[in-house]
$ cat run.cif   # mmCIF, C-alpha atoms
data_model
loop_
_atom_site.label_atom_id
_atom_site.label_comp_id
_atom_site.auth_asym_id
_atom_site.auth_seq_id
_atom_site.Cartn_x
_atom_site.Cartn_y
_atom_site.Cartn_z
CA MET A 1 3.11 -20.70 -25.78
CA ASP A 2 3.96 -17.99 -23.25
CA ILE A 3 1.27 -15.37 -22.61
CA ALA A 4 1.96 -11.63 -22.70
CA VAL A 5 -0.43 -8.85 -21.73
CA VAL A 6 0.24 -5.42 -23.22
CA THR A 7 -1.74 -2.34 -22.15
CA GLY A 8 -2.55 0.69 -24.29
CA THR A 9 -2.38 -1.08 -27.64
CA SER A 10 -4.62 0.86 -30.01
CA THR A 11 -1.68 2.79 -31.50
CA GLY A 12 2.03 3.47 -31.22
CA ILE A 13 4.30 1.55 -28.88
CA GLY A 14 1.56 -0.74 -27.59
CA LEU A 15 0.38 -1.77 -31.05
CA THR A 16 3.91 -2.30 -32.33
CA THR A 17 4.98 -4.24 -29.23
CA SER A 18 1.95 -6.53 -29.44
CA LEU A 19 2.87 -7.51 -32.98
CA HIS A 20 6.59 -7.84 -32.19
CA LEU A 21 5.98 -10.13 -29.23
CA ALA A 22 3.52 -12.22 -31.24
CA ARG A 23 6.09 -12.60 -34.01
CA ASN A 24 8.53 -13.89 -31.44
CA GLY A 25 6.52 -16.69 -29.93
CA TYR A 26 4.11 -15.03 -27.49
CA ARG A 27 0.37 -15.27 -27.36
CA VAL A 28 -0.57 -11.63 -26.85
CA PHE A 29 -3.61 -10.22 -25.12
CA ALA A 30 -3.73 -6.60 -26.24
CA GLY A 31 -5.60 -4.42 -23.77
CA MET A 32 -7.26 -1.17 -24.73
CA ARG A 33 -9.89 0.99 -23.11
CA ASN A 34 -12.00 1.22 -26.26
CA VAL A 35 -11.90 -2.00 -28.28
CA ALA A 36 -13.54 -0.19 -31.20
CA LYS A 37 -10.08 1.27 -31.81
CA GLY A 38 -8.58 -2.20 -32.21
CA GLU A 39 -9.17 -2.57 -35.94
CA ALA A 40 -5.64 -1.55 -36.98
CA LEU A 41 -4.03 -4.06 -34.63
CA GLN A 42 -6.45 -6.84 -35.48
CA THR A 43 -5.96 -6.30 -39.20
CA ALA A 44 -2.16 -6.31 -38.92
CA ALA A 45 -2.24 -9.45 -36.78
CA ALA A 46 -4.61 -11.24 -39.15
CA GLU A 47 -2.41 -10.43 -42.16
CA GLU A 48 0.49 -12.29 -40.51
CA ASN A 49 -1.66 -14.89 -38.76
CA LEU A 50 -0.31 -13.76 -35.39
CA PRO A 51 -1.76 -14.87 -32.01
CA VAL A 52 -3.06 -11.47 -30.87
CA GLU A 53 -6.39 -11.05 -29.09
CA VAL A 54 -7.79 -7.60 -28.32
CA ILE A 55 -9.43 -7.32 -24.89
CA GLN A 56 -11.20 -4.49 -23.12
CA LEU A 57 -8.94 -3.12 -20.40
CA ASP A 58 -9.32 0.25 -18.71
CA ILE A 59 -6.40 0.40 -16.30
CA CYS A 60 -8.10 3.19 -14.33
CA ASP A 61 -11.06 0.95 -13.51
CA GLN A 62 -10.44 -1.90 -11.05
CA ALA A 63 -13.48 -3.85 -12.27
CA SER A 64 -12.20 -3.67 -15.84
CA VAL A 65 -8.73 -4.81 -14.74
CA ASP A 66 -10.20 -7.73 -12.79
CA ALA A 67 -12.37 -8.82 -15.71
CA ALA A 68 -9.58 -8.51 -18.27
CA PHE A 69 -7.06 -10.57 -16.32
CA ALA A 70 -9.68 -13.18 -15.49
CA THR A 71 -10.20 -13.56 -19.24
CA VAL A 72 -6.47 -13.90 -19.85
CA LYS A 73 -5.87 -16.35 -17.01
CA ALA A 74 -8.57 -18.64 -18.36
CA SER A 75 -6.06 -19.38 -21.14
CA GLY A 76 -3.08 -19.77 -18.81
CA PRO A 77 -0.75 -17.84 -16.54
CA VAL A 78 0.61 -14.45 -17.53
CA ASP A 79 4.32 -14.71 -18.31
CA VAL A 80 4.89 -11.10 -19.37
CA LEU A 81 3.11 -7.87 -18.46
CA VAL A 82 3.95 -4.72 -20.42
CA ASN A 83 2.64 -1.60 -18.66
CA ASN A 84 2.48 0.71 -21.65
CA ALA A 85 -0.82 2.61 -21.34
CA GLY A 86 -0.30 6.24 -20.39
CA ILE A 87 -1.25 9.85 -21.03
CA GLY A 88 0.90 12.94 -21.53
CA GLY A 89 0.72 16.70 -21.43
CA ALA A 90 2.88 19.81 -21.34
CA SER A 91 2.08 22.78 -19.14
CA PRO A 92 3.74 24.76 -16.31
CA LEU A 93 2.64 23.57 -12.87
CA GLU A 94 0.99 26.89 -12.07
CA LEU A 95 -1.34 26.43 -15.04
CA THR A 96 -2.11 22.72 -14.56
CA PRO A 97 -5.49 21.95 -12.95
CA GLU A 98 -5.28 19.57 -10.00
CA ASP A 99 -7.67 17.06 -11.53
CA GLU A 100 -5.46 16.88 -14.62
CA HIS A 101 -2.41 16.29 -12.44
CA ARG A 102 -4.23 13.54 -10.56
CA GLN A 103 -5.40 11.88 -13.77
CA MET A 104 -1.81 11.68 -14.97
CA PHE A 105 -0.90 9.69 -11.84
CA GLU A 106 -4.10 7.67 -11.96
CA THR A 107 -3.22 6.45 -15.45
CA ASN A 108 0.57 6.41 -15.59
CA TYR A 109 1.24 5.13 -12.08
CA PHE A 110 -1.80 3.61 -10.39
CA GLY A 111 -2.95 1.95 -13.61
CA ALA A 112 0.35 0.08 -13.72
CA VAL A 113 0.01 -0.81 -10.03
CA ARG A 114 -3.40 -2.40 -10.64
CA CYS A 115 -2.07 -4.54 -13.47
CA ILE A 116 1.03 -5.59 -11.52
CA GLN A 117 -1.07 -6.66 -8.56
CA ALA A 118 -3.24 -8.71 -10.92
CA VAL A 119 -0.30 -10.83 -12.12
CA LEU A 120 2.31 -10.75 -9.37
CA PRO A 121 0.92 -13.39 -6.97
CA GLU A 122 0.96 -16.10 -9.65
CA MET A 123 4.35 -15.01 -10.96
CA ARG A 124 5.77 -15.20 -7.45
CA GLU A 125 4.26 -18.62 -6.82
CA ARG A 126 5.56 -20.00 -10.14
CA GLY A 127 8.97 -18.44 -9.65
CA SER A 128 8.99 -16.83 -13.09
CA GLY A 129 7.61 -13.93 -15.09
CA CYS A 130 8.57 -10.48 -16.30
CA ILE A 131 7.01 -7.07 -15.66
CA VAL A 132 7.99 -4.34 -18.11
CA ASN A 133 7.20 -0.74 -17.19
CA ILE A 134 7.23 1.78 -20.03
CA THR A 135 8.41 4.90 -18.26
CA SER A 136 10.03 7.78 -20.15
CA ALA A 137 13.20 9.76 -20.67
CA VAL A 138 11.54 12.41 -18.48
CA GLY A 139 11.32 9.78 -15.78
CA LEU A 140 15.12 9.99 -15.71
CA GLN A 141 15.43 13.78 -15.73
CA ALA A 142 12.96 16.11 -13.99
CA THR A 143 11.48 18.14 -16.82
CA PRO A 144 9.97 21.64 -16.55
CA ASN A 145 6.69 22.27 -18.36
CA GLN A 146 5.87 18.57 -17.93
CA ILE A 147 5.85 18.22 -14.16
CA PRO A 148 2.75 15.97 -13.77
CA TYR A 149 3.90 13.66 -16.58
CA SER A 150 7.53 13.68 -15.47
CA ALA A 151 6.58 13.09 -11.83
CA SER A 152 4.28 10.18 -12.69
CA LYS A 153 7.03 8.55 -14.73
CA TRP A 154 9.56 9.16 -11.91
CA ALA A 155 7.11 7.38 -9.63
CA LEU A 156 6.89 4.44 -12.03
CA GLU A 157 10.70 4.40 -12.26
CA CYS A 158 10.86 4.19 -8.46
CA LEU A 159 8.26 1.44 -8.38
CA GLY A 160 10.18 -0.60 -10.93
CA GLU A 161 13.48 -0.33 -9.09
CA ALA A 162 12.04 -1.13 -5.67
CA LEU A 163 9.79 -3.91 -6.96
CA ALA A 164 12.70 -5.49 -8.80
CA HIS A 165 14.42 -5.77 -5.42
CA GLU A 166 11.31 -7.12 -3.66
CA VAL A 167 10.71 -9.94 -6.13
CA TYR A 168 14.26 -10.81 -7.15
CA ARG A 169 14.37 -13.79 -4.77
CA PHE A 170 11.23 -15.18 -6.39
CA GLY A 171 12.68 -15.28 -9.89
CA VAL A 172 10.42 -12.49 -11.19
CA ARG A 173 12.11 -9.95 -13.47
CA VAL A 174 11.15 -6.24 -13.44
CA VAL A 175 12.52 -3.77 -15.99
CA ASN A 176 11.99 -0.11 -16.87
CA VAL A 177 12.04 0.81 -20.57
CA GLU A 178 12.55 4.56 -21.04
CA PRO A 179 11.63 5.90 -24.49
CA GLY A 180 12.63 9.38 -25.55
CA VAL A 181 10.62 11.17 -28.22
CA ILE A 182 9.07 8.38 -30.30
CA MET A 183 6.96 8.86 -33.41
CA THR A 184 3.56 7.98 -31.93
CA ASN A 185 0.19 9.67 -31.40
CA ILE A 186 0.76 10.50 -27.72
CA PHE A 187 1.20 14.19 -28.54
CA GLU A 188 -2.03 14.34 -30.51
CA ASN A 189 -3.79 12.43 -27.73
CA SER A 190 -2.53 14.88 -25.09
CA ALA A 191 -3.34 18.07 -27.01
CA GLU A 192 -5.95 19.17 -24.44
CA GLN A 193 -3.35 18.89 -21.66
CA THR A 194 -0.76 20.88 -23.61
CA ARG A 195 -0.72 24.67 -23.25
CA TYR A 196 1.30 27.27 -25.10
CA ASP A 197 0.73 30.96 -24.52
CA LYS A 198 3.05 33.55 -26.06
CA THR A 199 1.98 36.07 -23.41
CA SER A 200 2.73 33.82 -20.45
CA PRO A 201 5.72 34.55 -18.17
CA TYR A 202 6.51 30.85 -18.66
CA GLN A 203 6.70 31.23 -22.44
CA PRO A 204 10.48 30.66 -22.64
CA ILE A 205 10.12 27.38 -20.74
CA MET A 206 7.19 26.31 -22.91
CA ARG A 207 9.06 27.12 -26.11
CA ARG A 208 12.25 25.37 -25.08
CA ASN A 209 10.36 22.27 -24.00
CA GLY A 210 8.79 22.30 -27.44
CA LYS A 211 12.21 22.51 -29.06
CA VAL A 212 13.27 19.31 -27.28
CA PHE A 213 10.34 17.51 -28.90
CA ALA A 214 11.03 19.16 -32.26
CA ALA A 215 14.58 17.80 -32.10
CA GLY A 216 13.12 14.39 -31.33
CA PHE A 217 10.74 14.56 -34.28
CA GLN A 218 13.65 15.30 -36.58
CA ARG A 219 15.32 12.07 -35.50
CA SER A 220 12.10 10.12 -36.28
CA VAL A 221 12.72 7.30 -33.81
CA PRO A 222 10.09 4.62 -34.60
CA PRO A 223 8.17 2.63 -31.98
CA ASP A 224 9.78 -0.52 -33.41
CA LEU A 225 12.96 0.31 -31.46
CA VAL A 226 10.98 0.35 -28.22
CA ALA A 227 9.37 -2.99 -29.06
CA GLU A 228 12.81 -4.47 -29.74
CA ALA A 229 14.13 -3.15 -26.42
CA ILE A 230 11.14 -4.66 -24.61
CA LEU A 231 11.78 -8.11 -26.09
CA ASP A 232 15.50 -7.83 -25.33
CA SER A 233 14.79 -6.80 -21.74
CA ILE A 234 12.58 -9.86 -21.26
CA ARG A 235 14.94 -12.39 -22.79
CA THR A 236 18.48 -11.20 -22.09
CA GLU A 237 20.57 -13.40 -19.83
CA ASN A 238 22.40 -10.29 -18.58
CA TYR A 239 19.67 -8.62 -16.56
CA LYS A 240 19.60 -4.84 -16.28
CA LEU A 241 16.92 -2.63 -14.83
CA ARG A 242 16.92 0.39 -17.16
CA TRP A 243 16.60 0.38 -20.96
CA PRO A 244 16.71 3.89 -22.47
CA VAL A 245 15.53 4.06 -26.10
CA GLY A 246 16.57 6.90 -28.39
CA PRO A 247 19.35 9.51 -28.29
CA ASP A 248 17.50 11.83 -25.89
CA ALA A 249 16.79 9.04 -23.40
CA GLU A 250 20.41 7.92 -23.60
CA GLY A 251 21.55 11.52 -23.04
CA PHE A 252 19.29 11.95 -20.02
CA MET A 253 20.49 8.62 -18.60
CA ALA A 254 24.14 9.66 -18.95
CA ALA A 255 23.40 13.05 -17.36
CA ARG A 256 22.05 11.38 -14.22
CA HIS A 257 25.65 10.60 -13.32
CA THR A 258 27.48 13.63 -14.72
CA VAL A 259 25.30 16.74 -14.41
CA ALA A 260 24.63 18.28 -11.01
CA ALA A 261 20.97 19.01 -10.30
CA GLU A 262 21.90 22.63 -9.53
CA ASP A 263 23.47 23.02 -12.99
CA TRP A 264 20.31 21.73 -14.66
CA ILE A 265 18.12 23.97 -12.52
CA ALA A 266 20.29 27.00 -13.37
CA MET A 267 19.33 26.54 -17.02
CA GLY A 268 15.99 28.04 -15.97
CA ALA A 269 17.73 31.43 -15.83
CA ASP A 270 17.12 34.13 -18.44
CA LEU A 271 19.57 32.64 -20.94
CA SER A 272 19.81 33.44 -24.61
CA ASP A 273 18.88 30.65 -27.01
CA GLU A 274 22.55 30.29 -27.91
CA GLU A 275 23.56 29.88 -24.25
CA TYR A 276 20.71 27.47 -23.51
CA ASN A 277 21.32 25.34 -26.59
CA GLU A 278 25.04 25.16 -25.88
CA LYS A 279 24.47 23.92 -22.34
CA PHE A 280 21.79 21.45 -23.43
CA LYS A 281 24.16 19.95 -26.00
CA ALA A 282 26.97 19.77 -23.43
CA TYR A 283 24.80 18.14 -20.75
CA PHE A 284 22.64 15.78 -22.81
CA GLY A 285 24.31 15.46 -26.20
CA ILE A 286 21.22 16.81 -27.96
CA ALA A 287 21.32 19.67 -30.48
CA LEU A 288 18.24 21.91 -30.27
#
$ encode --input "run.cif" --output "structure tokens"
Amino acid sequence: MDIAVVTGTSTGIGLTTSLHLARNGYRVFAGMRNVAKGEALQTAAAEENLPVEVIQLDICDQASVDAAFATVKASGPVDVLVNNAGIGGASPLELTPEDEHRQMFETNYFGAVRCIQAVLPEMRERGSGCIVNITSAVGLQATPNQIPYSASKWALECLGEALAHEVYRFGVRVVNVEPGVIMTNIFENSAEQTRYDKTSPYQPIMRRNGKVFAAGFQRSVPPDLVAEAILDSIRTENYKLRWPVGPDAEGFMAARHTVAAEDWIAMGADLSDEEYNEKFKAYFGIAL
């Protein structure tokens, strides 16, 4: 049975992906920083008699990463790594503390790097394996009011594309899965890193960023769609690097090739809601 390691599995995409992979023939090691939060996953796996084992894995701690992957490798080589663990936040750059900005990169980018380096040598030597990076729709389109999060996901997008090139000759597959707004707890978990101030000069940007998420909530895209895209990206015979999930991610992906950066930037002008919404719909296909 192939072995998959999934990070950030206590809720949302990670939990759903762990179960989906286990249902489809993988033995899953589900990493989470606090294993006390693993009850929901363990209960769901037990109800279906699925091969899911919760392990302690703090991707920001090298010792924890080393210990976790040593535990996994005692059962066999890692065939699939899903870099899902991450943190979010929404705040203008001027108002974002440096340590918060650094923590976003420490988790969303360097955490993935640590896990990749833990599995890549054996994948390369075996000539097989798949690394799945869960980036974001905002890793496709630079997003105001979310600069640290967007930048960290851009960095992970870059890593995935360049690494895919580096390891292609070795038979190792690397893919980037880019969810849009998905119905998970990431927004509750990032509440302390999210700021909204009606008196701020950045208030229009804050409000409009919030409207993008409100539009996403209305669509109610479940994490199951991300889990399905992950499995497809691993198994498809027709390899592709990027896998957007959800209408907003698909709209941002399309805009990469059709909307000039200067046109997107100009939407930061003092536009009326009607003007802004009209342009957003035209550029990204999303009604705010």
$ atom_distance --input "run.cif" --atom1 "CA of Ile182 in chain A" --atom2 "CA of Val221 in chain A"
5.2 Å
$ resolve_selection --input "run.cif" --expression "the PyMOL selection byres ((chain A and resi 167-178) around 6)" --output "PyMOL selection string"
chain A and resi 124+127-137+164-166+179+241-245
$ residues_around --input "run.cif" --residues "range 261-265 of chain A" --least-positions-apart "4" --cutoff "10 Å" --atoms "only C-alpha atoms" --output "ChimeraX atom specification"
/A:141-144,255-256,269,279-280,283
$ residues_near_point --input "run.cif" --point "(5.8, -12.1, -30.7)" --cutoff "10 Å" --atoms "all atoms listed in the file" --output "number ranges by chain"
A: 2-4, 17-28, 50-52, 227, 231
$ atom_distance --input "run.cif" --atom1 "CA of Ala112 in chain A" --atom2 "CA of Ala162 in chain A"
14.2 Å
$ atom_distance --input "run.cif" --atom1 "CA of Gly216 in chain A" --atom2 "CA of Ala287 in chain A"
9.8 Å
$ closest_residue --input "run.cif" --among "A:Leu95, A:Ala85, A:Leu156, A:Val78" --to "Met123 in chain A" --atoms "only C-alpha atoms"
A:Val78
$ residues_around --input "run.cif" --residues "Pro92 in chain A" --least-positions-apart "3" --cutoff "9 Å" --atoms "all atoms listed in the file" --output "PyMOL selection string"
chain A and resi 95-96+144-147+195+202+205-206
$ build_atoms --input "run.cif" --residues "range 128-140 of chain A" --atoms "N, CA and C atoms" --output "mmCIF file, in the coordinates of the input"
data_model
loop_
_atom_site.group_PDB
_atom_site.id
_atom_site.type_symbol
_atom_site.label_atom_id
_atom_site.label_comp_id
_atom_site.auth_asym_id
_atom_site.auth_seq_id
_atom_site.Cartn_x
_atom_site.Cartn_y
_atom_site.Cartn_z
ATOM 1 N N SER A 128 8.586 -17.332 -11.776
ATOM 2 C CA SER A 128 8.990 -16.830 -13.090
ATOM 3 C C SER A 128 8.003 -15.762 -13.554
ATOM 4 N N GLY A 129 8.443 -14.985 -14.535
ATOM 5 C CA GLY A 129 7.610 -13.930 -15.090
ATOM 6 C C GLY A 129 8.403 -12.649 -15.241
ATOM 7 N N CYS A 130 7.894 -11.759 -16.071
ATOM 8 C CA CYS A 130 8.570 -10.480 -16.300
ATOM 9 C C CYS A 130 7.546 -9.360 -16.364
ATOM 10 N N ILE A 131 7.841 -8.278 -15.653
ATOM 11 C CA ILE A 131 7.010 -7.070 -15.660
ATOM 12 C C ILE A 131 7.828 -5.962 -16.295
ATOM 13 N N VAL A 132 7.307 -5.400 -17.381
ATOM 14 C CA VAL A 132 7.990 -4.340 -18.110
ATOM 15 C C VAL A 132 7.195 -3.043 -17.941
ATOM 16 N N ASN A 133 7.826 -2.043 -17.350
ATOM 17 C CA ASN A 133 7.200 -0.740 -17.190
ATOM 18 C C ASN A 133 7.724 0.216 -18.259
ATOM 19 N N ILE A 134 6.824 0.777 -19.054
ATOM 20 C CA ILE A 134 7.230 1.780 -20.030
ATOM 21 C C ILE A 134 7.171 3.132 -19.326
ATOM 22 N N THR A 135 8.341 3.616 -18.951
ATOM 23 C CA THR A 135 8.410 4.900 -18.260
ATOM 24 C C THR A 135 8.669 5.975 -19.304
ATOM 25 N N SER A 136 9.763 6.699 -19.197
ATOM 26 C CA SER A 136 10.030 7.780 -20.150
ATOM 27 C C SER A 136 11.403 8.361 -19.880
ATOM 28 N N ALA A 137 11.966 9.005 -20.888
ATOM 29 C CA ALA A 137 13.200 9.760 -20.670
ATOM 30 C C ALA A 137 13.000 10.819 -19.594
ATOM 31 N N VAL A 138 11.783 11.387 -19.501
ATOM 32 C CA VAL A 138 11.540 12.410 -18.480
ATOM 33 C C VAL A 138 11.293 11.789 -17.117
ATOM 34 N N GLY A 139 11.286 10.457 -17.059
ATOM 35 C CA GLY A 139 11.320 9.780 -15.780
ATOM 36 C C GLY A 139 12.739 9.633 -15.264
ATOM 37 N N LEU A 140 13.709 10.002 -16.104
ATOM 38 C CA LEU A 140 15.120 9.990 -15.710
ATOM 39 C C LEU A 140 15.615 11.379 -15.347
#
